[in-house]
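Read through the structure below, which is laid out as structure tokens, and then see the notes.
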Amino acid sequence: MQALRGLAVLLLLQAAGEGITRALGLPFPGPVVGLLLLLPALNLPALRAPVAAAANLLLSHLSLLFVPVGVGVIVHLKVLSEYAGRLALVIAISTWAGIAATAWVTQALMRRAQAAEGGRPEAPRNHGDADGAGTP
Amino acid sequence: MTDVVQLWTYLASSPLFGLTATVTTYVLAHALHERLGRAPWSNPVMLSVIVLGTLLLATGTPYPVYFAGAQFVHVLLGPAVVALGWPLWQRRAELRRRALPLAAGALVGGGVASGVAVGAGWALGLPTPILLSLAPKSVTAPVAVGIAERLSGVPALAAAFTLLTGIVGASSAKYLLDGMGVRDWAVRGFALGTASHGIGAARALSVHPDAGAYAAVGLGLQVLFASFLIPMVAALFR
């Protein structure tokens, strides 16, 4: 019941987000605005346990939710296969470049900020397991 | 024999088909993924898309017929994106303190992903509508489609590029980040969410809660930055 109540909250916030983006003509999808609305909403303690239950349920199998849209790729197989080699190369290289650049900049700035705070290291909680199989 | 054919025709045209096929395939793909020690290259979204795509093509089932059932899974994507606010809220103090490194990382990382895609595509001689559809590929699909539309790219292709970007990131980021010596869960997750949006975030969430939360931040910042900046930068090239 807790999770169902939380789902109702999430759906209401998504609907509010859709309403706001339409009314104001914002270039954001409704659910993203709903996410931003959820943050202040969680100041109400009564919402926390239901939202936590629903979030854990939905987020533990987030991958499943991308499958229906993903299968839609078959509709574009013709164009995709026409440029298959080049597209594969471009998508792979640009994704890796994006990951590397983000990690590099974020890590460097976080370390600098930490050093500026007086070198107080944050609790070590971030080391990969022995073989690293569980790291993203 | 005709009974079997009739039964198949009936089942394949009812919404039950798409829903059952999606959930069953995902459960099997996920079991295989677990069995392989959750190796990134055995990404369950990728495996499910390959199996279901092959099934639809082999049986000549049109995508809309499949989606009539699969949409019941698809609609949950909306509340799931809202739910990404929960891990963020739990870490709100830490995130506020790190606002600057995160914003800078999102700007540079998103810019590099988009710039390299368009630049490399242009160098390889891909046609302009395809280049314009590649530009928003690191942004979550519904936003990428909107951006591609405004750039006069091909929205449907943008959705496909976004999906492939998500799968590439989710299935290979680990090796790249290991190679770079990046060990902080926050940074690893953030990089994955920034470059590979929701599919990257799903992978990050399945690995570590901190990585998942930071991936959600990365996804969210890409939406905010990309929907303003990509159309602005594109306008400079007109």
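Identifiers in the structure tokens: chain A, B, ... in order shown; residue index from 1 per chain; ligand index from 1 in order shown.
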> Which residues of chain A are close to chain B, meaning at most 7 Å apart when you count only C-alpha atoms, and how do they look as a ChimeraX atom specification?
Replying inline: /A:10-11,14,27-29,31-32,34-35,38-39,52,55,58-60,62-68,70-74,86,90-92,94-95,97-99,101-103,105-107,109-110,126-128,133-136
>> Report, in Å with one decimal, the straight-line distance from CA of Leu55 (chain B) to CA of Ile93 (chain A).
In response: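 About the pair CA of Leu55 (chain B) and CA of Ile93 (chain A): they are 29.8 Å apart.
Rounded to one decimal, CA of Val33 (chain A) and CA of Pro50 (chain A) lie 19.8 Å from each other.
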>> as a PyMOL selection string, please: every residue in region 3-148 of chain B that a backbone DSSP assignment puts in alpha helix (DSSP H).
In response: chain B and resi 3-13+15-35+44-59+63-74+77-83+85-90+92-97+99-123+128-134+141-148
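The residue set within 7 Å of Pro155 (chain B), counting only C-alpha atoms and dropping same-chain residues fewer than 3 places from it, reads Ser133, Val145, Ala148, Glu149, Ala158 and Ala159 of chain B.
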>> So, with only C-alpha atoms as the atoms that count, which of B:Ala31, B:Phe237, B:Arg91, B:Trp8 lies closest to Val217 (chain B)?
In response: B:Arg91
